[in-house]
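Below is one structure, written out as structure tokens; the observations come after it.
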Amino acid sequence: MAKINDFNFAGKKAIVRVDFNVPLDENGNITDDTRIRGALPTLKKILEDGGSLILMSHMGKPKGKVNEKLSLSQIREAVAKALGRDVKFAPDCANAHEAAKDLKPCEVLLLENLRFYPEEEGKPVGIDKADPAYDEAKKEMKERQKEFAKTLASYADVYVNDAFGTAHRRHASTAVVADYFNEDSKMLGYLMEKEVQAVDNILKDIKRPFTAIMGGSKVSTKIGIIENLMDKVDNLILCGGMTYTFAKAMGGNIGNSICENDKLDLALDIMKKAKEKGVNLVLGTDCVAGNDFSNDSETQICSVMDIPEGWEGMDAGPASREAFKAVIVPAKTILWNGPAGVFEFDKFTAGSRAIADAIVEATNNGAFSLVGGGDSVACVNKFGLADSVSYVSTGGGALLEAIEGKTLPGVAAIEGK
């Protein structure tokens, strides 16, 4: 497998899968350019070597149809500004042969949204999975996906994948396209290399104690990662909305708090497994409850086992924050995925802020800290602490699947695993 740092792109056309799925406001203006900035080291390396740059990305979920609101033409100027040079635009990603052919060294071409073609995701369109013809349609689409990937590959001499956020998908541009390049002409970008290394630090190079913090609203969406971590961590903090599923499973009164009533047995099973494996499972004991799901809500501190009717748990309480801090600060390896409360409302940020501050303190003491998942990343950005932890992952689903121990197609396609 080629390494980007050792590769000389002079005179080469490089097609790079980036993740420019950036948020836009109603006028098509970028509201957060983190993903564009994250790709710059890879893109500048290619250009500084004297290579030509072809950028491909998706935006949103157009479901295989052209949608002008999701056109990458809206971000062309922002990409040009970030790179400090003009960016050409190909309005049809599958018919950009001439534009790619005419590209001179150090020039940049941005392809239109890959997902305007259903072949990118490789899923049959307009047919239900229950339809007897679905399997044949799926088989046909896979062949079309190969042709689509072959077309993309034909534009360039080298393929670089720097889109960790989509690495868990076997899409044409993230995995299949790599089949059309030999092992010396395909590689991970700098951002992807960092992401893979960060996951390895968590899973393969653990310094103990290892504390994982899993937040968010549902146990069901985190069960895979919780079970995989159970064999690795010393301390497991479960917080956020899932707190109340555990509280109810233990017989608590949780008022109007969010709860997965069909997962009560699962919650008890997680507690049992943690005990059997010697994992210190830390659950919130108190919460900041609100009588309305808004920043204007009245609040009170109460036990998670005794929340009044008409009130709901919105954030971790003072005692819970102290308990979390007690196992985060001494840790040497830390993973955080999911907030401790409804941090979007300023009135309910204290729990997530306490976790973030404890992680920063541990990091300053020499711990390796990985923060991943959209809400956790939004937390550290909101608190201005992104530069105070070891690594902030750009991948949500990809990070979770990697930590669950699953093979990421976008990485395997490059590494040949």
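Letters for chains follow the order of the structure tokens (A, B, ...), residue numbers begin at 1 for each chain, and ligand numbers begin at 1 in the order shown.
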Quick one: residues within 6 Å of Gly338 of chain A, only C-alpha atoms counted, chain neighbours fewer than 6 positions away excluded, as a VMD selection string?
-> chain A and resid 214 to 216 375 to 376
Per residue of segment 175-197 of chain A within 12 Å of segment 40-46 of chain A, record the nearest atom pair and its distance in Å to one decimal, counting only C-alpha atoms, with rows in chain order and ascending residue number, as a tab-separated table.
```
residue	atom	partner	partner_atom	distance
A:Met187	CA	A:Thr42	CA	11.0
A:Leu188	CA	A:Thr42	CA	9.3
A:Gly189	CA	A:Thr42	CA	5.6
A:Tyr190	CA	A:Thr42	CA	5.6
A:Leu191	CA	A:Thr42	CA	7.4
A:Met192	CA	A:Thr42	CA	9.7
A:Glu193	CA	A:Thr42	CA	10.5
A:Lys194	CA	A:Thr42	CA	11.6
```
Export, as a tab-separated table (two decimals), in the first residue's frame, the selected residues with C-alpha atoms.
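Output saved as selection.tsv:
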```
chain	number	residue	atom	x	y	z
A	187	MET	CA	-3.64	5.35	-0.68
A	188	LEU	CA	-5.24	6.89	2.37
A	189	GLY	CA	-5.11	10.66	2.75
A	190	TYR	CA	-3.61	12.34	5.81
A	191	LEU	CA	-7.00	12.70	7.50
A	192	MET	CA	-7.85	9.03	6.96
A	193	GLU	CA	-4.44	7.98	8.28
A	194	LYS	CA	-5.03	10.00	11.44
```
Find the nearest atom pair between each residue of segment 271-325 of chain A and segment 236-256 of chain A for residues within 8 Å, count only C-alpha atoms, give distances in Å to one decimal, sort rows by chain and ascending number, and present the table as CSV.
```
residue,atom,partner,partner_atom,distance
A:Val279,CA,A:Leu236,CA,7.0
A:Asn280,CA,A:Leu236,CA,6.2
A:Leu281,CA,A:Leu236,CA,4.9
A:Val282,CA,A:Ile237,CA,4.6
A:Leu283,CA,A:Leu238,CA,5.5
A:Gly284,CA,A:Cys239,CA,6.3
A:Val304,CA,A:Ala247,CA,6.3
A:Met305,CA,A:Gly252,CA,4.0
A:Asp306,CA,A:Asn253,CA,4.9
A:Ile307,CA,A:Ile254,CA,4.8
A:Pro308,CA,A:Gly255,CA,5.2
A:Glu309,CA,A:Gly255,CA,4.3
A:Gly310,CA,A:Asn256,CA,5.7
A:Trp311,CA,A:Asn256,CA,5.5
A:Glu312,CA,A:Asn256,CA,4.7
A:Gly313,CA,A:Tyr244,CA,7.6
A:Met314,CA,A:Gly241,CA,7.7
A:Asp315,CA,A:Gly240,CA,6.9
A:Ala316,CA,A:Gly240,CA,7.3
A:Phe324,CA,A:Ile237,CA,6.9
```
Hey, what does DSSP flag as alpha helix (DSSP H) within segment 263-392 of chain A? Can you give it to me as a PyMOL selection string?
-> chain A and resi 264-277+318-328+350-364+374-382
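Going from atom CA of Glu48 of chain A over to atom CA of Ile36 of chain A, you cover 17.6 Å.
The residue that comes closest to Thr407 of chain A, out of A:Ser297, A:Tyr391, A:Gly373, A:Arg169 and on the basis of only C-alpha atoms, is A:Arg169.
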Give the strand (DSSP E) residues of segment 171-322 of chain A, as DSSP finds them on the backbone, and put them as a PyMOL selection string.
-> chain A and resi 186-188+210-214+235-238+253-254+280-283+286-290+299-303+306-307+312-316
Nearest to Pro409 of chain A by atom-to-atom distance, counting only C-alpha atoms, from A:Asn235, A:Asn365, A:Asn113, A:Asn161 = A:Asn161
